[in-house]
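Structure file coords36.cif; described as mmCIF, C-alpha atoms.
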data_query
loop_
_atom_site.label_atom_id
_atom_site.label_comp_id
_atom_site.auth_asym_id
_atom_site.auth_seq_id
_atom_site.Cartn_x
_atom_site.Cartn_y
_atom_site.Cartn_z
CA MET A 284 -63.41 -19.41 11.46
CA PRO A 285 -66.31 -17.23 12.69
CA GLU A 286 -66.54 -13.85 10.96
CA TRP A 287 -65.41 -10.72 12.77
CA ASN A 288 -67.22 -7.43 12.31
CA ASP A 289 -65.38 -4.27 11.21
CA ARG A 290 -64.94 -2.99 14.77
CA GLU A 291 -63.43 -6.29 15.91
CA ILE A 292 -61.07 -6.31 12.93
CA ILE A 293 -59.87 -2.75 13.59
CA GLN A 294 -59.48 -3.29 17.33
CA GLY A 295 -57.86 -6.68 16.78
CA PHE A 296 -55.32 -5.14 14.43
CA LYS A 297 -54.38 -2.55 17.03
CA THR A 298 -53.79 -5.22 19.69
CA PRO A 299 -50.10 -6.21 19.67
CA GLY A 300 -49.57 -9.81 18.59
CA ASN A 301 -53.04 -10.04 17.09
CA GLU A 302 -52.39 -8.15 13.85
CA GLU A 303 -52.03 -11.14 11.56
CA ARG A 304 -55.20 -12.81 12.84
CA ALA A 305 -57.25 -9.63 12.49
CA PHE A 306 -55.86 -9.03 9.01
CA ASN A 307 -56.75 -12.57 7.97
CA HIS A 308 -60.34 -11.92 9.03
CA LEU A 309 -60.36 -8.74 6.96
CA VAL A 310 -59.00 -10.54 3.89
CA THR A 311 -61.46 -13.41 4.19
CA CYS A 312 -64.35 -11.04 4.70
CA TYR A 313 -63.61 -8.56 1.90
CA GLN A 314 -61.51 -10.36 -0.72
CA LYS A 315 -64.42 -11.37 -2.95
CA ARG A 316 -66.15 -7.99 -3.04
CA LEU A 317 -62.90 -6.15 -3.70
CA TYR A 318 -61.81 -8.70 -6.30
CA TRP A 319 -65.00 -8.32 -8.34
CA HIS A 320 -64.80 -4.55 -8.15
CA ILE A 321 -61.21 -4.65 -9.42
CA ARG A 322 -61.90 -7.34 -12.01
CA LYS A 323 -64.62 -5.28 -13.67
CA MET A 324 -62.09 -2.49 -14.09
CA VAL A 325 -59.00 -4.39 -15.23
CA ILE A 326 -60.91 -7.25 -16.95
CA VAL A 327 -58.23 -9.97 -16.94
CA HIS A 328 -58.07 -12.37 -13.97
CA ASP A 329 -54.26 -12.30 -13.60
CA ASP A 330 -54.28 -8.50 -13.53
CA ALA A 331 -57.12 -8.46 -11.01
CA ASP A 332 -55.14 -10.88 -8.81
CA ASP A 333 -52.08 -8.57 -8.89
CA VAL A 334 -54.15 -5.49 -8.11
CA LEU A 335 -55.98 -7.25 -5.27
CA GLN A 336 -52.66 -8.30 -3.73
CA ASN A 337 -51.32 -4.74 -4.02
CA THR A 338 -54.51 -3.42 -2.45
CA MET A 339 -54.29 -5.81 0.49
CA ILE A 340 -50.59 -5.04 1.03
CA LYS A 341 -51.42 -1.34 1.17
CA VAL A 342 -54.18 -2.13 3.67
CA TRP A 343 -51.76 -4.20 5.78
CA LYS A 344 -49.32 -1.28 5.87
CA SER A 345 -51.86 1.40 6.69
CA LEU A 346 -54.58 -0.30 8.75
CA ALA A 347 -52.86 0.69 12.01
CA GLY A 348 -53.38 4.33 11.06
CA PHE A 349 -57.00 3.90 9.95
CA ARG A 350 -58.99 6.48 11.87
CA ALA A 351 -62.43 5.10 11.14
CA GLU A 352 -63.67 8.45 9.86
CA SER A 353 -65.29 6.47 7.09
CA GLY A 354 -66.52 2.88 7.15
CA LEU A 355 -63.91 0.16 6.71
CA TYR A 356 -65.60 -1.05 3.52
CA THR A 357 -65.63 2.46 2.02
CA TRP A 358 -61.94 2.85 2.84
CA LEU A 359 -61.04 -0.54 1.33
CA TYR A 360 -63.09 0.14 -1.79
CA ARG A 361 -61.33 3.46 -2.19
CA ILE A 362 -57.89 1.88 -1.96
CA ALA A 363 -58.90 -0.85 -4.42
CA THR A 364 -60.26 1.75 -6.87
CA ASN A 365 -57.02 3.73 -6.65
CA GLU A 366 -54.89 0.67 -7.16
CA ALA A 367 -56.92 -0.40 -10.19
CA LEU A 368 -56.74 3.09 -11.71
CA SER A 369 -53.02 3.26 -11.04
CA PHE A 370 -52.57 -0.14 -12.69
CA LEU A 371 -54.53 0.92 -15.77
CA LYS A 372 -52.60 4.17 -16.02
CA GLN A 373 -49.26 2.34 -15.88
CA LYS A 374 -50.47 -0.15 -18.45
CA LYS A 375 -51.49 2.68 -20.78
CA LYS A 376 -48.11 4.34 -20.25
CA LYS A 377 -46.23 1.13 -21.04
CA ALA A 378 -48.29 0.47 -24.13
CA PHE A 379 -48.10 4.06 -25.30
CA SER A 380 -47.83 4.11 -29.02
CA PRO A 381 -49.94 5.85 -31.66
CA TRP A 382 -50.66 2.41 -33.13
CA VAL A 383 -51.99 0.84 -29.96
CA ASP A 384 -55.65 1.40 -29.13
CA MET A 385 -56.00 0.57 -25.44
CA ASP A 386 -59.79 0.10 -25.61
CA ALA A 387 -59.40 -2.36 -28.47
CA GLN A 388 -56.60 -4.08 -26.56
CA MET A 389 -58.79 -4.46 -23.46
CA SER A 390 -61.60 -5.74 -25.62
CA GLN A 391 -59.28 -8.38 -27.09
CA ASN A 392 -58.13 -9.34 -23.60
CA LEU A 393 -61.74 -9.87 -22.70
CA VAL A 394 -62.28 -12.30 -25.55
CA ALA A 395 -59.01 -14.11 -24.85
CA ASP A 396 -59.53 -14.36 -21.07
CA PRO A 397 -60.27 -18.03 -20.22
CA TRP A 398 -62.16 -16.83 -17.15
CA PHE A 399 -64.69 -14.80 -19.10
CA THR A 400 -67.83 -16.87 -18.72
CA GLY A 401 -70.40 -14.67 -20.43
CA ASP A 402 -72.43 -15.28 -23.56
CA GLU A 403 -72.47 -13.20 -26.74
CA ILE A 404 -74.80 -10.55 -25.33
CA GLN A 405 -72.74 -10.13 -22.18
CA LEU A 406 -69.61 -9.82 -24.30
CA LYS A 407 -71.24 -7.03 -26.32
CA LEU A 408 -72.24 -5.25 -23.14
CA GLN A 409 -68.72 -5.51 -21.67
CA GLN A 410 -67.20 -4.26 -24.93
CA ALA A 411 -69.56 -1.28 -24.86
CA ILE A 412 -68.63 -0.57 -21.22
CA LEU A 413 -64.94 -0.61 -22.18
CA LYS A 414 -65.57 2.25 -24.61
CA LEU A 415 -66.72 4.55 -21.80
CA PRO A 416 -64.37 7.06 -20.16
CA ASP A 417 -62.91 5.70 -16.87
CA LYS A 418 -65.18 7.81 -14.69
CA GLN A 419 -68.41 6.72 -16.39
CA ARG A 420 -67.20 3.12 -16.54
CA ILE A 421 -66.56 2.90 -12.83
CA VAL A 422 -69.82 4.63 -11.94
CA PHE A 423 -71.75 2.36 -14.29
CA ASN A 424 -70.15 -0.81 -12.84
CA MET A 425 -70.79 0.23 -9.26
CA LYS A 426 -74.42 1.07 -9.92
CA TYR A 427 -75.44 -1.50 -12.51
CA PHE A 428 -73.63 -4.62 -11.28
CA ASP A 429 -72.98 -3.87 -7.59
CA HIS A 430 -76.32 -2.07 -7.00
CA MET A 431 -74.48 0.45 -4.88
CA LYS A 432 -76.32 3.45 -3.48
CA TYR A 433 -75.32 6.87 -4.75
CA GLY A 434 -74.53 7.98 -1.19
CA GLU A 435 -71.99 5.16 -0.77
CA MET A 436 -70.51 5.82 -4.19
CA SER A 437 -70.20 9.48 -3.34
CA GLU A 438 -68.17 8.63 -0.21
CA ILE A 439 -65.89 6.26 -2.09
CA LEU A 440 -65.31 8.41 -5.15
CA GLY A 441 -65.34 11.75 -3.35
CA THR A 442 -67.82 13.37 -5.69
CA SER A 443 -71.37 14.68 -5.43
CA VAL A 444 -74.46 12.50 -5.77
CA GLY A 445 -75.71 14.79 -8.55
CA ALA A 446 -72.52 14.37 -10.57
CA LEU A 447 -72.69 10.59 -10.11
CA LYS A 448 -76.29 10.46 -11.30
CA ALA A 449 -75.33 12.49 -14.34
CA SER A 450 -72.36 10.19 -15.07
CA TYR A 451 -74.55 7.11 -14.78
CA HIS A 452 -77.17 8.65 -17.04
CA HIS A 453 -74.57 9.44 -19.72
CA ALA A 454 -73.06 5.96 -19.38
CA VAL A 455 -76.44 4.27 -19.87
CA LYS A 456 -77.26 6.44 -22.89
CA LYS A 457 -73.86 5.77 -24.51
CA ILE A 458 -74.09 2.03 -23.91
CA GLU A 459 -77.59 1.91 -25.38
CA THR A 460 -76.39 3.79 -28.45
CA LEU A 461 -73.31 1.57 -28.82
CA LEU A 462 -75.44 -1.57 -28.55
CA GLU A 463 -77.92 -0.25 -31.11
CA ASP A 464 -75.15 0.65 -33.56
CA ASP A 465 -73.51 -2.75 -33.13
CA MET B 300 -85.92 -12.66 -45.21
CA ASN B 301 -86.36 -10.64 -42.06
CA MET B 302 -83.53 -11.56 -39.69
CA GLU B 303 -83.91 -9.91 -36.31
CA ARG B 304 -80.64 -9.67 -34.35
CA LYS B 305 -80.64 -10.18 -30.62
CA LYS B 306 -80.05 -6.83 -28.93
CA PRO B 307 -79.08 -6.55 -25.27
CA ASP B 308 -81.62 -4.76 -23.11
CA LEU B 309 -80.05 -3.22 -20.00
CA GLN B 310 -83.20 -3.95 -18.00
CA GLN B 311 -82.71 -7.72 -18.42
CA GLU B 312 -81.94 -9.20 -15.00
CA ALA B 313 -79.53 -11.77 -16.47
CA LEU B 314 -77.30 -8.98 -17.79
CA LYS B 315 -76.94 -7.50 -14.33
CA ASN B 316 -74.75 -10.44 -13.26
CA HIS B 317 -71.14 -9.92 -14.24
CA PRO B 318 -69.79 -12.49 -16.71
CA PHE B 319 -66.46 -13.31 -15.05
CA GLY B 320 -65.13 -16.43 -13.36
CA VAL B 321 -62.03 -17.33 -11.36
CA PRO B 322 -59.84 -20.46 -11.25
CA GLU B 323 -61.09 -23.14 -8.88
CA GLY B 324 -60.08 -22.57 -5.26
CA TYR B 325 -58.80 -19.06 -6.01
CA PHE B 326 -60.44 -17.38 -3.02
CA ASP B 327 -59.53 -20.26 -0.67
CA SER B 328 -55.85 -19.97 -1.49
CA PHE B 329 -55.66 -16.18 -1.74
CA PRO B 330 -55.12 -15.41 1.99
CA ASP B 331 -52.12 -17.80 2.21
CA ARG B 332 -50.55 -16.47 -0.98
CA LEU B 333 -50.99 -12.95 0.30
CA GLN B 334 -49.40 -13.74 3.68
CA LYS B 335 -46.47 -15.32 1.87
CA ARG B 336 -45.94 -12.22 -0.26
CA ILE B 337 -46.20 -9.91 2.76
CA ARG B 338 -43.57 -11.97 4.62
CA GLU B 339 -41.28 -11.94 1.58
CA GLU B 340 -41.64 -8.17 1.20
CA GLU B 341 -41.06 -7.54 4.88
CA SER B 342 -37.97 -9.72 5.07
CA SER B 343 -36.38 -8.11 2.02
CA SER B 344 -37.32 -4.47 2.63
CA VAL B 345 -35.25 -3.51 5.73
CA PRO B 346 -31.52 -4.07 5.28
CA VAL B 347 -29.67 -3.68 8.60
CA ARG B 348 -26.38 -1.82 8.39
CA LYS B 349 -24.12 0.25 10.57
CA ILE B 350 -24.19 3.99 10.08
CA GLY B 351 -20.78 5.62 9.71
CA LYS B 352 -19.85 9.15 10.82
CA THR B 353 -20.03 10.67 7.32
CA THR B 354 -23.42 9.05 6.69
CA ARG B 355 -24.64 10.41 10.02
CA ILE B 356 -23.60 13.97 9.08
CA LEU B 357 -25.21 13.62 5.65
CA ALA B 358 -28.39 12.27 7.24
CA MET B 359 -28.50 15.24 9.63
CA ALA B 360 -28.05 17.68 6.72
CA ALA B 361 -30.83 15.94 4.82
CA ALA B 362 -33.08 16.10 7.88
CA VAL B 363 -32.50 19.87 8.21
CA MET B 364 -33.30 20.36 4.51
CA ALA B 365 -36.42 18.21 4.79
CA ALA B 366 -37.58 20.19 7.83
CA ALA B 367 -37.05 23.44 5.90
CA LEU B 368 -38.99 22.08 2.92
CA ILE B 369 -41.87 20.90 5.08
CA THR B 370 -42.03 24.22 6.94
CA THR B 371 -42.14 26.13 3.63
CA SER B 372 -44.79 23.74 2.36
CA ILE B 373 -46.93 24.21 5.45
CA ILE B 374 -46.67 28.00 5.17
CA ARG B 375 -47.69 27.80 1.50
CA PHE B 376 -50.49 25.38 2.41
CA ILE B 377 -51.84 27.78 5.03
CA SER B 378 -51.61 30.78 2.72
CA ASN B 379 -53.42 28.82 -0.01
CA SER B 380 -56.21 27.91 2.44
CA ASP B 381 -56.49 31.55 3.51
CA ALA B 382 -56.85 32.55 -0.09
CA GLY B 383 -60.01 30.47 -0.22
CA GLY B 384 -58.66 27.63 -2.40
CA LEU B 385 -60.46 24.35 -1.70
CA TYR B 386 -57.40 22.21 -2.50
CA PRO B 387 -53.74 23.16 -2.24
CA ASP B 388 -51.86 23.05 -5.52
CA LEU B 389 -50.75 19.68 -6.82
CA ALA B 390 -47.01 20.37 -6.55
CA LEU B 391 -47.50 21.05 -2.86
CA LEU B 392 -49.48 17.86 -2.41
CA GLU B 393 -46.70 15.92 -4.07
CA GLN B 394 -44.06 17.54 -1.87
CA MET B 395 -45.95 16.67 1.27
CA GLN B 396 -47.15 13.33 -0.03
CA VAL B 397 -50.58 14.20 1.28
CA PHE B 398 -53.50 12.30 -0.21
CA ASP B 399 -51.03 10.31 -2.28
CA ASP B 400 -53.33 7.30 -2.26
CA ASP B 401 -56.19 9.29 -3.70
CA ARG B 402 -54.24 10.90 -6.51
CA TYR B 403 -55.53 8.59 -9.23
CA LEU B 404 -59.07 8.84 -7.94
CA TYR B 405 -58.99 12.64 -7.98
CA ASP B 406 -57.42 12.62 -11.44
CA MET B 407 -60.16 10.36 -12.74
CA MET B 408 -62.99 12.40 -11.25
CA GLU B 409 -61.44 15.61 -12.62
CA GLU B 410 -60.74 14.18 -16.07
CA SER B 411 -63.91 13.90 -17.99
CA ALA B 412 -64.39 13.30 -21.64
CA PRO B 413 -65.68 16.45 -23.30
CA LEU B 414 -69.46 16.50 -23.25
CA ASP B 415 -71.40 17.66 -26.26
CA GLU B 416 -74.00 20.41 -25.86
CA ASP B 417 -76.89 18.02 -25.13
CA GLU B 418 -74.86 16.02 -22.62
CA ALA B 419 -73.66 19.13 -20.82
CA PHE B 420 -77.24 20.41 -20.59
CA ALA B 421 -78.47 16.99 -19.35
CA SER B 422 -75.68 16.89 -16.72
CA GLN B 423 -76.65 20.29 -15.37
CA ALA B 424 -80.33 19.36 -15.31
CA ILE B 425 -79.70 16.01 -13.58
CA GLU B 426 -77.44 17.58 -10.97
CA TYR B 427 -80.08 20.25 -10.28
CA LEU B 428 -82.85 17.66 -9.94
CA ALA B 429 -80.68 15.39 -7.81
CA ILE B 430 -79.92 18.23 -5.41
CA ASN B 431 -83.67 18.74 -5.11
CA ASP B 432 -84.25 15.04 -4.36
CA VAL B 433 -86.24 14.23 -7.47
CA GLU B 434 -86.63 10.44 -7.92
CA MET B 435 -84.10 8.80 -10.26
CA ASP B 436 -86.81 7.19 -12.36
CA LEU B 437 -88.36 10.57 -13.03
CA ILE B 438 -84.97 12.00 -13.92
CA PHE B 439 -84.34 9.32 -16.51
CA GLU B 440 -87.73 9.62 -18.18
#
Using structure tokens, write down the structure from this file.
Amino acid sequence: MPEWNDREIIQGFKTPGNEERAFNHLVTCYQKRLYWHIRKMVIVHDDADDVLQNTMIKVWKSLAGFRAESGLYTWLYRIATNEALSFLKQKKKKAFSPWVDMDAQMSQNLVADPWFTGDEIQLKLQQAILKLPDKQRIVFNMKYFDHMKYGEMSEILGTSVGALKASYHHAVKKIETLLEDD
Amino acid sequence: MNMERKKPDLQQEALKNHPFGVPEGYFDSFPDRLQKRIREEESSSVPVRKIGKTTRILAMAAAVMAAALITTSIIRFISNSDAGGLYPDLALLEQMQVFDDDRYLYDMMEESAPLDEDEAFASQAIEYLAINDVEMDLIFE
């Protein structure tokens, strides 16, 4: 099926009887990018699949009201980020116990995940990333792996470019230190 | 014997590719699985039932209370804005269910791990330089 651009998807969705077709175009077009963004946050494939489904269901329910004040991609990324954060928060709540270290748990999940395809060095890097606070982790992933521009990140995360640069800087420094100590 | 351990260097291009995979055919089958779930949710979410007289009266009472709550909330919202607050208080946001989707995002951006003295100084310096459009490479030197 030929790809639709964002405008065609939005207009298509607002045309009665065409919603499903337009939504299918949106899913096909954005599923990979959103999946990888979510996966880097929740780590395990099955969790990423759940979060991606929840994200897309939210999009299905609210696309009719999308006012295009921001780009479609920015809006989708924002919903995906929220869903992933909400998922992680619920997971932390469920696992709440003074004896459970969530970072260590995530790190174990990483090793046990059959869909982790990295080598030893990549594993060390991911384990270091998991030790960062959520904010620095997400900023680091968006910049380092997705090569996103600070302007775009600022729109998605609703924070200033300066604060994002500072977060990235701290994240890089911490990761370097963690890797050296390892 | 001098054993040198392999240390990851963040500048290595190979490290910039994420190390995750997916089951074969995952992205091909995702749209169909999603459509199936949406259909299931939609067919199970709206039970059709007749509304009795008592239910109707209760519903009307609830509507009046909701209207009163919303009006109060709006008045508080306006008075908060007049007072110069950038965001209305969180309880109000929850009442009105405004920005509900962004709640986790705002929480995350607000929550930050405590910075030590050096980090706090570096943050301020980076933000200042970023505002003045100094190149990233120069900032990180």
Selection result of the PyMOL selection byres ((chain A) within 8 of (chain B)) on this file, as an mmCIF file with C-alpha atoms, in the coordinates of the input:
data_model
loop_
_atom_site.group_PDB
_atom_site.id
_atom_site.type_symbol
_atom_site.label_atom_id
_atom_site.label_comp_id
_atom_site.auth_asym_id
_atom_site.auth_seq_id
_atom_site.Cartn_x
_atom_site.Cartn_y
_atom_site.Cartn_z
ATOM 1 C CA ASN A 307 -56.750 -12.570 7.970
ATOM 2 C CA VAL A 310 -59.000 -10.540 3.890
ATOM 3 C CA THR A 311 -61.460 -13.410 4.190
ATOM 4 C CA GLN A 314 -61.510 -10.360 -0.720
ATOM 5 C CA LYS A 315 -64.420 -11.370 -2.950
ATOM 6 C CA HIS A 328 -58.070 -12.370 -13.970
ATOM 7 C CA GLN A 336 -52.660 -8.300 -3.730
ATOM 8 C CA MET A 339 -54.290 -5.810 0.490
ATOM 9 C CA ILE A 340 -50.590 -5.040 1.030
ATOM 10 C CA ARG A 361 -61.330 3.460 -2.190
ATOM 11 C CA ILE A 362 -57.890 1.880 -1.960
ATOM 12 C CA THR A 364 -60.260 1.750 -6.870
ATOM 13 C CA ASN A 365 -57.020 3.730 -6.650
ATOM 14 C CA LEU A 368 -56.740 3.090 -11.710
ATOM 15 C CA SER A 369 -53.020 3.260 -11.040
ATOM 16 C CA TRP A 398 -62.160 -16.830 -17.150
ATOM 17 C CA PHE A 399 -64.690 -14.800 -19.100
ATOM 18 C CA THR A 400 -67.830 -16.870 -18.720
ATOM 19 C CA GLY A 401 -70.400 -14.670 -20.430
ATOM 20 C CA ASP A 402 -72.430 -15.280 -23.560
ATOM 21 C CA ILE A 404 -74.800 -10.550 -25.330
ATOM 22 C CA GLN A 405 -72.740 -10.130 -22.180
ATOM 23 C CA LYS A 407 -71.240 -7.030 -26.320
ATOM 24 C CA LEU A 408 -72.240 -5.250 -23.140
ATOM 25 C CA PRO A 416 -64.370 7.060 -20.160
ATOM 26 C CA ASP A 417 -62.910 5.700 -16.870
ATOM 27 C CA LYS A 418 -65.180 7.810 -14.690
ATOM 28 C CA TYR A 427 -75.440 -1.500 -12.510
ATOM 29 C CA PHE A 428 -73.630 -4.620 -11.280
ATOM 30 C CA LEU A 440 -65.310 8.410 -5.150
ATOM 31 C CA GLY A 441 -65.340 11.750 -3.350
ATOM 32 C CA THR A 442 -67.820 13.370 -5.690
ATOM 33 C CA VAL A 444 -74.460 12.500 -5.770
ATOM 34 C CA GLY A 445 -75.710 14.790 -8.550
ATOM 35 C CA ALA A 446 -72.520 14.370 -10.570
ATOM 36 C CA LYS A 448 -76.290 10.460 -11.300
ATOM 37 C CA ALA A 449 -75.330 12.490 -14.340
ATOM 38 C CA SER A 450 -72.360 10.190 -15.070
ATOM 39 C CA HIS A 452 -77.170 8.650 -17.040
ATOM 40 C CA HIS A 453 -74.570 9.440 -19.720
ATOM 41 C CA GLU A 459 -77.590 1.910 -25.380
ATOM 42 C CA LEU A 462 -75.440 -1.570 -28.550
ATOM 43 C CA GLU A 463 -77.920 -0.250 -31.110
#
Please define a box with edges along x, y and z of the file around all atoms of region 412-429 of chain A given in the file, extend it by 8 Å on each side, and return its centre and edge lengths in Å to one decimal, as AutoDock Vina command-line options.
--center_x -69.2 --center_y 1.6 --center_z -16.1 --size_x 28.5 --size_y 28.4 --size_z 33.0
Notebook entry, point to check: At what distance in Å, to one decimal, does CA of Leu461 (chain A) lie from CA of Ala411 (chain A)?
Noted result: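 Here the two named atoms are 6.2 Å from each other.
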Checklist line | Shell of 12 Å around Glu435 (chain A), all atoms listed in the file, local chain residues under 6 positions omitted, as a ChimeraX atom specification | finding: /A:353-354,356-358,360-361,422,425-426,429,441-444,447
Notebook entry, point to check: Could you name the residues that touch Phe296 (chain A) at 9 Å or less, counting all atoms listed in the file, but leaving out those on the same chain fewer than 6 positions away, as a VMD selection string?
Noted result: chain A and resid 302 to 306 346 to 347
Next item on the list: Using CA of Glu339 (chain B) and CA of Asp333 (chain A) as the two end points, give the distance in Å to one decimal.
Entry: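 Atom-to-atom, CA of Glu339 (chain B) and CA of Asp333 (chain A) are spaced 15.4 Å apart.
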Notebook entry, point to check: Between CA of Lys341 (chain A) and CA of Lys297 (chain A), what is the distance, to one decimal in Å?
Noted result: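 One can read the CA of Lys341 (chain A) to CA of Lys297 (chain A) distance as 16.2 Å.
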Next item on the list: Write out as a list in words the residues lying within 9 Å of Val327 (chain A), counting all atoms listed in the file and excluding same-chain residues fewer than 5 positions away.
Entry: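 Those residues are Arg322, Asp332, Met389, Asn392, Leu393, Ala395, Asp396, Pro397, Trp398 and Phe399 of chain A.
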Next item on the list: For the file shown, report as a list in words the outcome of the PyMOL selection byres ((chain A and resi 291) around 12) at residue level.
Entry: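 Given this file, the PyMOL selection byres ((chain A and resi 291) around 12) evaluates to Pro285, Glu286, Trp287, Asn288, Asp289, Arg290, Ile292, Ile293, Gln294, Gly295, Phe296, Lys297, Thr298, Asn301, Glu302, Arg304, Ala305, Phe306, His308, Leu309 and Leu355 of chain A.
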